[in-house]
>>> print(open('final.pdb').read())   # PDB, N, CA and C atoms
ATOM      1  N   MET N 297     108.256  57.691 153.907
ATOM      2  CA  MET N 297     109.122  58.378 152.991
ATOM      3  C   MET N 297     108.436  58.612 151.651
ATOM      4  N   LYS N 298     107.666  57.586 151.172
ATOM      5  CA  LYS N 298     106.961  57.734 149.907
ATOM      6  C   LYS N 298     105.938  58.854 149.989
ATOM      7  N   SER N 299     105.291  59.014 151.171
ATOM      8  CA  SER N 299     104.302  60.079 151.333
ATOM      9  C   SER N 299     104.949  61.442 151.187
ATOM     10  N   LEU N 300     106.156  61.612 151.735
ATOM     11  CA  LEU N 300     106.859  62.886 151.600
ATOM     12  C   LEU N 300     107.194  63.165 150.151
ATOM     13  N   LEU N 301     107.602  62.145 149.413
ATOM     14  CA  LEU N 301     107.899  62.312 147.997
ATOM     15  C   LEU N 301     106.645  62.702 147.242
ATOM     16  N   PHE N 302     105.527  62.050 147.575
ATOM     17  CA  PHE N 302     104.267  62.349 146.910
ATOM     18  C   PHE N 302     103.842  63.785 147.181
ATOM     19  N   VAL N 303     103.960  64.249 148.424
ATOM     20  CA  VAL N 303     103.611  65.626 148.777
ATOM     21  C   VAL N 303     104.503  66.596 148.004
ATOM     22  N   ALA N 304     105.789  66.280 147.885
ATOM     23  CA  ALA N 304     106.703  67.137 147.130
ATOM     24  C   ALA N 304     106.276  67.218 145.672
ATOM     25  N   MET N 305     105.832  66.101 145.092
ATOM     26  CA  MET N 305     105.375  66.122 143.706
ATOM     27  C   MET N 305     104.112  66.956 143.563
ATOM     28  N   LEU N 306     103.208  66.876 144.558
ATOM     29  CA  LEU N 306     101.990  67.672 144.513
ATOM     30  C   LEU N 306     102.308  69.163 144.524
ATOM     31  N   LEU N 307     103.281  69.551 145.328
ATOM     32  CA  LEU N 307     103.659  70.955 145.415
ATOM     33  C   LEU N 307     104.265  71.462 144.113
ATOM     34  N   CYS N 308     104.792  70.568 143.313
ATOM     35  CA  CYS N 308     105.390  70.951 142.029
ATOM     36  C   CYS N 308     104.355  71.049 140.921
ATOM     37  N   GLY N 309     103.117  70.746 141.205
ATOM     38  CA  GLY N 309     102.067  70.856 140.196
ATOM     39  C   GLY N 309     101.602  69.500 139.728
ATOM     40  N   SER N 310     100.548  69.477 138.929
ATOM     41  CA  SER N 310      99.932  68.231 138.500
ATOM     42  C   SER N 310     100.838  67.403 137.615
ATOM     43  N   ALA N 311     101.841  67.996 137.002
ATOM     44  CA  ALA N 311     102.755  67.228 136.165
ATOM     45  C   ALA N 311     103.462  66.163 136.983
ATOM     46  N   GLY N 312     103.594  66.377 138.279
ATOM     47  CA  GLY N 312     104.235  65.401 139.140
ATOM     48  C   GLY N 312     103.476  64.097 139.234
ATOM     49  N   PHE N 313     102.167  64.089 138.954
ATOM     50  CA  PHE N 313     101.405  62.862 139.043
ATOM     51  C   PHE N 313     101.934  61.812 138.080
ATOM     52  N   GLY N 314     102.525  62.227 136.975
ATOM     53  CA  GLY N 314     103.036  61.276 136.011
ATOM     54  C   GLY N 314     104.209  60.482 136.535
ATOM     55  N   MET N 315     104.774  60.883 137.661
ATOM     56  CA  MET N 315     105.937  60.211 138.205
ATOM     57  C   MET N 315     105.585  59.297 139.378
ATOM     58  N   LEU N 316     104.317  58.966 139.570
ATOM     59  CA  LEU N 316     103.924  58.102 140.678
ATOM     60  C   LEU N 316     104.546  56.725 140.522
ATOM     61  N   SER N 317     104.957  56.140 141.627
ATOM     62  CA  SER N 317     105.505  54.794 141.574
ATOM     63  C   SER N 317     104.375  53.793 141.359
ATOM     64  N   ASN N 318     104.725  52.578 140.996
ATOM     65  CA  ASN N 318     103.733  51.557 140.675
ATOM     66  C   ASN N 318     102.779  51.260 141.821
ATOM     67  N   ASP N 319     103.224  51.369 143.069
ATOM     68  CA  ASP N 319     102.340  51.052 144.184
ATOM     69  C   ASP N 319     101.412  52.213 144.549
ATOM     70  N   HIS N 320     101.472  53.317 143.829
ATOM     71  CA  HIS N 320     100.544  54.435 144.028
ATOM     72  C   HIS N 320      99.904  54.827 142.697
ATOM     73  N   THR N 321      99.563  53.839 141.884
ATOM     74  CA  THR N 321      98.976  54.100 140.582
ATOM     75  C   THR N 321      97.574  54.676 140.748
ATOM     76  N   PRO N 322      97.277  55.810 140.124
ATOM     77  CA  PRO N 322      95.931  56.379 140.209
ATOM     78  C   PRO N 322      94.891  55.423 139.639
ATOM     79  N   LYS N 323      93.738  55.382 140.251
ATOM     80  CA  LYS N 323      92.649  54.553 139.769
ATOM     81  C   LYS N 323      91.427  55.443 139.587
ATOM     82  N   TYR N 324      90.861  55.415 138.395
ATOM     83  CA  TYR N 324      89.673  56.205 138.135
ATOM     84  C   TYR N 324      88.891  55.573 136.996
ATOM     85  N   GLU N 325      87.579  55.779 137.038
ATOM     86  CA  GLU N 325      86.684  55.286 136.012
ATOM     87  C   GLU N 325      85.673  56.380 135.736
ATOM     88  N   ASN N 326      84.959  56.256 134.654
ATOM     89  CA  ASN N 326      83.932  57.238 134.284
ATOM     90  C   ASN N 326      84.519  58.644 134.257
ATOM     91  N   SER N 327      85.758  58.736 133.862
ATOM     92  CA  SER N 327      86.470  60.001 133.870
ATOM     93  C   SER N 327      86.659  60.498 132.452
ATOM     94  N   GLU N 328      86.409  61.769 132.244
ATOM     95  CA  GLU N 328      86.583  62.354 130.916
ATOM     96  C   GLU N 328      88.019  62.789 130.673
ATOM     97  N   ASN N 329      88.823  62.861 131.710
ATOM     98  CA  ASN N 329      90.230  63.226 131.528
ATOM     99  C   ASN N 329      91.077  62.483 132.540
ATOM    100  N   ASN N 330      92.379  62.492 132.336
ATOM    101  CA  ASN N 330      93.247  61.750 133.232
ATOM    102  C   ASN N 330      93.751  62.608 134.386
ATOM    103  N   ALA N 331      93.063  63.693 134.695
ATOM    104  CA  ALA N 331      93.423  64.535 135.832
ATOM    105  C   ALA N 331      92.625  64.159 137.073
ATOM    106  N   ASP N 332      91.851  63.079 137.020
ATOM    107  CA  ASP N 332      91.066  62.608 138.158
ATOM    108  C   ASP N 332      91.840  61.524 138.872
ATOM    109  N   TYR N 333      91.981  61.662 140.191
ATOM    110  CA  TYR N 333      92.778  60.716 140.958
ATOM    111  C   TYR N 333      92.073  60.290 142.230
ATOM    112  N   ILE N 334      92.114  59.006 142.490
ATOM    113  CA  ILE N 334      91.735  58.430 143.774
ATOM    114  C   ILE N 334      92.933  57.570 144.137
ATOM    115  N   VAL N 335      93.748  58.048 145.071
ATOM    116  CA  VAL N 335      95.036  57.429 145.346
ATOM    117  C   VAL N 335      95.198  57.223 146.841
ATOM    118  N   MET N 336      95.627  56.036 147.228
ATOM    119  CA  MET N 336      96.002  55.793 148.616
ATOM    120  C   MET N 336      97.447  56.239 148.771
ATOM    121  N   GLU N 337      97.680  57.250 149.602
ATOM    122  CA  GLU N 337      99.037  57.750 149.834
ATOM    123  C   GLU N 337      99.817  56.825 150.756
ATOM    124  N   ASP N 338      99.111  56.188 151.670
ATOM    125  CA  ASP N 338      99.706  55.178 152.543
ATOM    126  C   ASP N 338      98.572  54.265 152.979
ATOM    127  N   ALA N 339      98.716  53.568 154.080
ATOM    128  CA  ALA N 339      97.721  52.582 154.490
ATOM    129  C   ALA N 339      96.357  53.184 154.838
ATOM    130  N   ILE N 340      96.304  54.468 155.233
ATOM    131  CA  ILE N 340      95.020  55.045 155.662
ATOM    132  C   ILE N 340      94.669  56.376 155.020
ATOM    133  N   LEU N 341      95.600  57.047 154.347
ATOM    134  CA  LEU N 341      95.321  58.358 153.765
ATOM    135  C   LEU N 341      94.999  58.253 152.284
ATOM    136  N   MET N 342      93.810  58.750 151.910
ATOM    137  CA  MET N 342      93.370  58.738 150.522
ATOM    138  C   MET N 342      93.370  60.162 149.984
ATOM    139  N   LEU N 343      93.928  60.337 148.795
ATOM    140  CA  LEU N 343      93.892  61.608 148.086
ATOM    141  C   LEU N 343      92.886  61.488 146.957
ATOM    142  N   VAL N 344      91.972  62.458 146.884
ATOM    143  CA  VAL N 344      91.007  62.548 145.796
ATOM    144  C   VAL N 344      91.252  63.886 145.124
ATOM    145  N   SER N 345      91.438  63.877 143.806
ATOM    146  CA  SER N 345      91.781  65.112 143.107
ATOM    147  C   SER N 345      91.189  65.112 141.704
ATOM    148  N   THR N 346      90.828  66.297 141.235
ATOM    149  CA  THR N 346      90.361  66.475 139.870
ATOM    150  C   THR N 346      90.881  67.809 139.353
ATOM    151  N   ASP N 347      90.794  68.008 138.069
ATOM    152  CA  ASP N 347      91.195  69.270 137.469
ATOM    153  C   ASP N 347      90.330  70.395 138.038
ATOM    154  N   SER N 348      90.916  71.548 138.276
ATOM    155  CA  SER N 348      90.171  72.655 138.883
ATOM    156  C   SER N 348      88.990  73.102 138.027
ATOM    157  N   SER N 349      89.021  72.856 136.728
ATOM    158  CA  SER N 349      87.889  73.242 135.873
ATOM    159  C   SER N 349      86.647  72.414 136.169
ATOM    160  N   ASN N 350      86.814  71.291 136.883
ATOM    161  CA  ASN N 350      85.683  70.444 137.263
ATOM    162  C   ASN N 350      85.060  70.867 138.585
ATOM    163  N   GLY N 351      85.550  71.938 139.178
ATOM    164  CA  GLY N 351      85.028  72.421 140.450
ATOM    165  C   GLY N 351      85.729  71.773 141.624
ATOM    166  N   ASN N 352      85.266  72.099 142.812
ATOM    167  CA  ASN N 352      85.829  71.545 144.040
ATOM    168  C   ASN N 352      85.163  70.215 144.376
ATOM    169  N   ILE N 353      85.865  69.392 145.135
ATOM    170  CA  ILE N 353      85.279  68.134 145.605
ATOM    171  C   ILE N 353      84.119  68.486 146.525
ATOM    172  N   ASP N 354      82.937  67.934 146.230
ATOM    173  CA  ASP N 354      81.740  68.211 147.020
ATOM    174  C   ASP N 354      81.458  67.077 148.010
ATOM    175  N   SER N 355      81.553  65.838 147.539
ATOM    176  CA  SER N 355      81.319  64.701 148.424
ATOM    177  C   SER N 355      82.022  63.467 147.880
ATOM    178  N   VAL N 356      82.315  62.556 148.802
ATOM    179  CA  VAL N 356      82.943  61.287 148.469
ATOM    180  C   VAL N 356      82.159  60.196 149.183
ATOM    181  N   GLU N 357      81.719  59.205 148.435
ATOM    182  CA  GLU N 357      81.013  58.062 149.016
ATOM    183  C   GLU N 357      81.880  56.821 148.849
ATOM    184  N   ILE N 358      82.017  56.078 149.933
ATOM    185  CA  ILE N 358      82.803  54.855 149.912
ATOM    186  C   ILE N 358      81.859  53.695 150.182
ATOM    187  N   ARG N 359      81.894  52.699 149.276
ATOM    188  CA  ARG N 359      81.005  51.541 149.348
ATOM    189  C   ARG N 359      81.821  50.252 149.324
ATOM    190  N   THR N 360      81.255  49.226 149.927
ATOM    191  CA  THR N 360      81.857  47.903 149.777
ATOM    192  C   THR N 360      81.714  47.505 148.313
ATOM    193  N   THR N 361      82.452  46.486 147.904
ATOM    194  CA  THR N 361      82.344  46.044 146.509
ATOM    195  C   THR N 361      80.974  45.449 146.201
ATOM    196  N   SER N 362      80.195  45.136 147.239
ATOM    197  CA  SER N 362      78.824  44.665 147.025
ATOM    198  C   SER N 362      77.823  45.810 147.002
ATOM    199  N   GLY N 363      78.305  47.062 147.176
ATOM    200  CA  GLY N 363      77.446  48.231 147.023
ATOM    201  C   GLY N 363      76.928  48.862 148.292
ATOM    202  N   THR N 364      77.254  48.340 149.451
ATOM    203  CA  THR N 364      76.784  48.904 150.721
ATOM    204  C   THR N 364      77.573  50.171 151.050
ATOM    205  N   LEU N 365      76.855  51.273 151.276
ATOM    206  CA  LEU N 365      77.489  52.539 151.643
ATOM    207  C   LEU N 365      78.047  52.429 153.056
ATOM    208  N   VAL N 366      79.360  52.674 153.211
ATOM    209  CA  VAL N 366      79.986  52.568 154.533
ATOM    210  C   VAL N 366      80.486  53.909 155.059
ATOM    211  N   LEU N 367      80.693  54.885 154.172
ATOM    212  CA  LEU N 367      81.222  56.169 154.623
ATOM    213  C   LEU N 367      80.900  57.252 153.607
ATOM    214  N   THR N 368      80.396  58.381 154.095
ATOM    215  CA  THR N 368      80.179  59.560 153.257
ATOM    216  C   THR N 368      81.045  60.680 153.805
ATOM    217  N   LEU N 369      81.830  61.296 152.938
ATOM    218  CA  LEU N 369      82.754  62.352 153.347
ATOM    219  C   LEU N 369      82.399  63.645 152.638
ATOM    220  N   SER N 370      82.525  64.763 153.333
ATOM    221  CA  SER N 370      82.286  66.079 152.746
ATOM    222  C   SER N 370      83.534  66.551 152.025
ATOM    223  N   GLY N 371      83.334  67.459 151.078
ATOM    224  CA  GLY N 371      84.462  68.057 150.368
ATOM    225  C   GLY N 371      85.272  68.957 151.285
ATOM    226  N   CYS N 372      86.354  69.493 150.743
ATOM    227  CA  CYS N 372      87.259  70.309 151.554
ATOM    228  C   CYS N 372      87.463  71.705 150.955
ATOM    229  N   SER N 373      86.534  72.172 150.135
ATOM    230  CA  SER N 373      86.623  73.492 149.492
ATOM    231  C   SER N 373      87.837  73.603 148.582
ATOM    232  N   SER N 374      88.187  72.495 147.942
ATOM    233  CA  SER N 374      89.333  72.450 147.034
ATOM    234  C   SER N 374      89.081  71.366 145.993
ATOM    235  N   ASN N 375      89.881  71.361 144.938
ATOM    236  CA  ASN N 375      89.770  70.298 143.946
ATOM    237  C   ASN N 375      90.648  69.097 144.304
ATOM    238  N   ALA N 376      91.343  69.165 145.439
ATOM    239  CA  ALA N 376      92.151  68.044 145.934
ATOM    240  C   ALA N 376      91.951  67.929 147.440
ATOM    241  N   CYS N 377      91.476  66.770 147.899
ATOM    242  CA  CYS N 377      91.184  66.566 149.317
ATOM    243  C   CYS N 377      91.852  65.285 149.801
ATOM    244  N   ARG N 378      92.288  65.304 151.053
ATOM    245  CA  ARG N 378      92.862  64.121 151.701
ATOM    246  C   ARG N 378      91.902  63.657 152.793
ATOM    247  N   TYR N 379      91.773  62.346 152.903
ATOM    248  CA  TYR N 379      90.870  61.770 153.892
ATOM    249  C   TYR N 379      91.567  60.664 154.676
ATOM    250  N   ASP N 380      91.327  60.651 155.975
ATOM    251  CA  ASP N 380      91.823  59.607 156.871
ATOM    252  C   ASP N 380      90.777  58.490 156.883
ATOM    253  N   LEU N 381      91.151  57.317 156.419
ATOM    254  CA  LEU N 381      90.225  56.191 156.336
ATOM    255  C   LEU N 381      90.503  55.144 157.413
ATOM    256  N   SER N 382      91.120  55.555 158.509
ATOM    257  CA  SER N 382      91.485  54.607 159.560
ATOM    258  C   SER N 382      90.266  53.955 160.219
ATOM    259  N   SER N 383      89.086  54.517 160.048
ATOM    260  CA  SER N 383      87.888  53.926 160.640
ATOM    261  C   SER N 383      87.372  52.732 159.833
ATOM    262  N   LEU N 384      87.898  52.512 158.632
ATOM    263  CA  LEU N 384      87.440  51.413 157.783
ATOM    264  C   LEU N 384      88.283  50.159 157.998
ATOM    265  N   SER N 385      87.652  49.019 157.853
ATOM    266  CA  SER N 385      88.347  47.732 157.935
ATOM    267  C   SER N 385      89.145  47.493 156.663
ATOM    268  N   SER N 386      90.148  46.649 156.763
ATOM    269  CA  SER N 386      90.921  46.271 155.583
ATOM    270  C   SER N 386      90.017  45.521 154.617
ATOM    271  N   ALA N 387      89.912  46.048 153.392
ATOM    272  CA  ALA N 387      89.055  45.448 152.361
ATOM    273  C   ALA N 387      89.224  46.255 151.079
ATOM    274  N   ASN N 388      88.539  45.821 150.038
ATOM    275  CA  ASN N 388      88.457  46.580 148.794
ATOM    276  C   ASN N 388      87.177  47.403 148.827
ATOM    277  N   TYR N 389      87.257  48.641 148.341
ATOM    278  CA  TYR N 389      86.119  49.545 148.346
ATOM    279  C   TYR N 389      85.990  50.251 147.004
ATOM    280  N   ASP N 390      84.753  50.631 146.665
ATOM    281  CA  ASP N 390      84.483  51.479 145.512
ATOM    282  C   ASP N 390      84.279  52.901 146.018
ATOM    283  N   VAL N 391      84.809  53.875 145.281
ATOM    284  CA  VAL N 391      84.754  55.275 145.693
ATOM    285  C   VAL N 391      84.070  56.087 144.597
ATOM    286  N   ASP N 392      83.041  56.855 144.974
ATOM    287  CA  ASP N 392      82.341  57.749 144.057
ATOM    288  C   ASP N 392      82.573  59.179 144.508
ATOM    289  N   VAL N 393      83.009  60.029 143.569
ATOM    290  CA  VAL N 393      83.342  61.415 143.876
ATOM    291  C   VAL N 393      82.435  62.340 143.076
ATOM    292  N   SER N 394      81.869  63.349 143.742
ATOM    293  CA  SER N 394      81.057  64.380 143.083
ATOM    294  C   SER N 394      81.691  65.736 143.358
ATOM    295  N   THR N 395      81.629  66.618 142.361
ATOM    296  CA  THR N 395      82.181  67.959 142.537
ATOM    297  C   THR N 395      81.065  68.997 142.575
ATOM    298  N   THR N 396      81.444  70.220 142.855
ATOM    299  CA  THR N 396      80.479  71.319 142.947
ATOM    300  C   THR N 396      79.878  71.680 141.589
ATOM    301  N   THR N 397      80.429  71.157 140.499
ATOM    302  CA  THR N 397      79.869  71.411 139.164
ATOM    303  C   THR N 397      79.106  70.195 138.651
ATOM    304  N   SER N 398      78.758  69.266 139.543
ATOM    305  CA  SER N 398      78.044  68.024 139.235
ATOM    306  C   SER N 398      78.861  67.055 138.394
ATOM    307  N   TYR N 399      80.151  67.265 138.294
ATOM    308  CA  TYR N 399      81.052  66.325 137.631
ATOM    309  C   TYR N 399      81.266  65.155 138.574
ATOM    310  N   THR N 400      81.295  63.939 138.060
ATOM    311  CA  THR N 400      81.499  62.761 138.895
ATOM    312  C   THR N 400      82.562  61.849 138.297
ATOM    313  N   PHE N 401      83.243  61.136 139.160
ATOM    314  CA  PHE N 401      84.140  60.070 138.732
ATOM    315  C   PHE N 401      84.237  59.060 139.858
ATOM    316  N   SER N 402      84.721  57.881 139.531
ATOM    317  CA  SER N 402      84.766  56.808 140.531
ATOM    318  C   SER N 402      86.018  55.966 140.333
ATOM    319  N   GLY N 403      86.306  55.168 141.337
ATOM    320  CA  GLY N 403      87.454  54.278 141.285
ATOM    321  C   GLY N 403      87.393  53.284 142.409
ATOM    322  N   SER N 404      88.475  52.611 142.650
ATOM    323  CA  SER N 404      88.504  51.615 143.709
ATOM    324  C   SER N 404      89.783  51.767 144.518
ATOM    325  N   ILE N 405      89.696  51.349 145.771
ATOM    326  CA  ILE N 405      90.850  51.389 146.673
ATOM    327  C   ILE N 405      90.931  50.082 147.438
ATOM    328  N   SER N 406      92.097  49.800 147.948
ATOM    329  CA  SER N 406      92.302  48.639 148.821
ATOM    330  C   SER N 406      92.947  49.124 150.101
ATOM    331  N   LEU N 407      92.395  48.727 151.225
ATOM    332  CA  LEU N 407      92.973  49.062 152.522
ATOM    333  C   LEU N 407      93.555  47.802 153.140
TER     334      LEU N 407
END
>>> encode(input="final.pdb", output="structure tokens")
Amino acid sequence: MKSLLFVAMLLCGSAGFGMLSNDHTPKYENSENNADYIVMEDAILMLVSTDSSNGNIDSVEIRTTSGTLVLTLSGCSSNACRYDLSSLSSANYDVDVSTTTSYTFSGSISL
């Protein structure tokens, strides 16, 4: 049900991000603006999003907290991409995002 609410907020524009519930708090670091999001929508779906002026998502790298690269994902020709992370074990991970304009930001997720 929360995923449907989140999708409805996305369809209403980026202003909807301000209404995220506490268990879907955006996490981002090394970000120049608060329009960068790395959010787990549910147990396996991750949303990565940035302002369109930063270009489209080009790649996403997921690493263990000790720095081991476990998954590299391609962009989706958009500034907001969803990824199925069901292939990963339950753990904490660091996420690095690069865009087509060489803009980067990072954050962390828990599965």
>>> resolve_selection(input="final.pdb", expression="the PyMOL selection byres ((chain N and resi 354) around 6.5)", output="list in words")
Asn352, Ile353, Ser355, Val356, Leu369, Ser370, Gly371, Cys372, Val393, Ser394, Thr395 and Thr396 of chain N
>>> resolve_selection(input="final.pdb", expression="the PyMOL selection byres ((chain N and resi 383-391) around 8)", output="JSON, numbers by chain")
{"N": [334, 340, 356, 357, 358, 359, 360, 361, 362, 363, 366, 380, 381, 382, 392, 393, 394, 401, 402, 403, 404, 405, 406, 407]}
>>> write_last_selection(input="final.pdb", atoms="N, CA and C atoms", output="tab-separated table (two decimals), in the coordinates of the input")
chain	number	residue	atom	x	y	z
N	334	ILE	N	92.11	59.01	142.49
N	334	ILE	CA	91.74	58.43	143.77
N	334	ILE	C	92.93	57.57	144.14
N	340	ILE	N	96.30	54.47	155.23
N	340	ILE	CA	95.02	55.04	155.66
N	340	ILE	C	94.67	56.38	155.02
N	356	VAL	N	82.32	62.56	148.80
N	356	VAL	CA	82.94	61.29	148.47
N	356	VAL	C	82.16	60.20	149.18
N	357	GLU	N	81.72	59.20	148.44
N	357	GLU	CA	81.01	58.06	149.02
N	357	GLU	C	81.88	56.82	148.85
N	358	ILE	N	82.02	56.08	149.93
N	358	ILE	CA	82.80	54.86	149.91
N	358	ILE	C	81.86	53.70	150.18
N	359	ARG	N	81.89	52.70	149.28
N	359	ARG	CA	81.00	51.54	149.35
N	359	ARG	C	81.82	50.25	149.32
N	360	THR	N	81.26	49.23	149.93
N	360	THR	CA	81.86	47.90	149.78
N	360	THR	C	81.71	47.50	148.31
N	361	THR	N	82.45	46.49	147.90
N	361	THR	CA	82.34	46.04	146.51
N	361	THR	C	80.97	45.45	146.20
N	362	SER	N	80.19	45.14	147.24
N	362	SER	CA	78.82	44.66	147.02
N	362	SER	C	77.82	45.81	147.00
N	363	GLY	N	78.31	47.06	147.18
N	363	GLY	CA	77.45	48.23	147.02
N	363	GLY	C	76.93	48.86	148.29
N	366	VAL	N	79.36	52.67	153.21
N	366	VAL	CA	79.99	52.57	154.53
N	366	VAL	C	80.49	53.91	155.06
N	380	ASP	N	91.33	60.65	155.98
N	380	ASP	CA	91.82	59.61	156.87
N	380	ASP	C	90.78	58.49	156.88
N	381	LEU	N	91.15	57.32	156.42
N	381	LEU	CA	90.22	56.19	156.34
N	381	LEU	C	90.50	55.14	157.41
N	382	SER	N	91.12	55.56	158.51
N	382	SER	CA	91.48	54.61	159.56
N	382	SER	C	90.27	53.96	160.22
N	392	ASP	N	83.04	56.86	144.97
N	392	ASP	CA	82.34	57.75	144.06
N	392	ASP	C	82.57	59.18	144.51
N	393	VAL	N	83.01	60.03	143.57
N	393	VAL	CA	83.34	61.42	143.88
N	393	VAL	C	82.44	62.34	143.08
N	394	SER	N	81.87	63.35	143.74
N	394	SER	CA	81.06	64.38	143.08
N	394	SER	C	81.69	65.74	143.36
N	401	PHE	N	83.24	61.14	139.16
N	401	PHE	CA	84.14	60.07	138.73
N	401	PHE	C	84.24	59.06	139.86
N	402	SER	N	84.72	57.88	139.53
N	402	SER	CA	84.77	56.81	140.53
N	402	SER	C	86.02	55.97	140.33
N	403	GLY	N	86.31	55.17	141.34
N	403	GLY	CA	87.45	54.28	141.28
N	403	GLY	C	87.39	53.28	142.41
N	404	SER	N	88.48	52.61	142.65
N	404	SER	CA	88.50	51.62	143.71
N	404	SER	C	89.78	51.77	144.52
N	405	ILE	N	89.70	51.35	145.77
N	405	ILE	CA	90.85	51.39	146.67
N	405	ILE	C	90.93	50.08	147.44
N	406	SER	N	92.10	49.80	147.95
N	406	SER	CA	92.30	48.64	148.82
N	406	SER	C	92.95	49.12	150.10
N	407	LEU	N	92.40	48.73	151.22
N	407	LEU	CA	92.97	49.06	152.52
N	407	LEU	C	93.56	47.80	153.14
>>> atom_distance(input="final.pdb", atom1="atom N of Leu341 of chain N", atom2="atom CA of Arg378 of chain N")
8.0 Å
>>> resolve_selection(input="final.pdb", expression="the PyMOL selection byres (((chain N and resi 333 and name CA) around 6) and name CA)", output="list in words")
Pro322, Asp332, Ile334, Val335, Val344 and Ser345 of chain N
>>> atom_distance(input="final.pdb", atom1="atom C of Thr400 of chain N", atom2="atom C of Met336 of chain N")
19.0 Å
>>> closest_residue(input="final.pdb", among="N:Leu343, N:Ser398, N:Glu337, N:Ser349", to="Ala376 of chain N", atoms="all atoms listed in the file")
N:Leu343
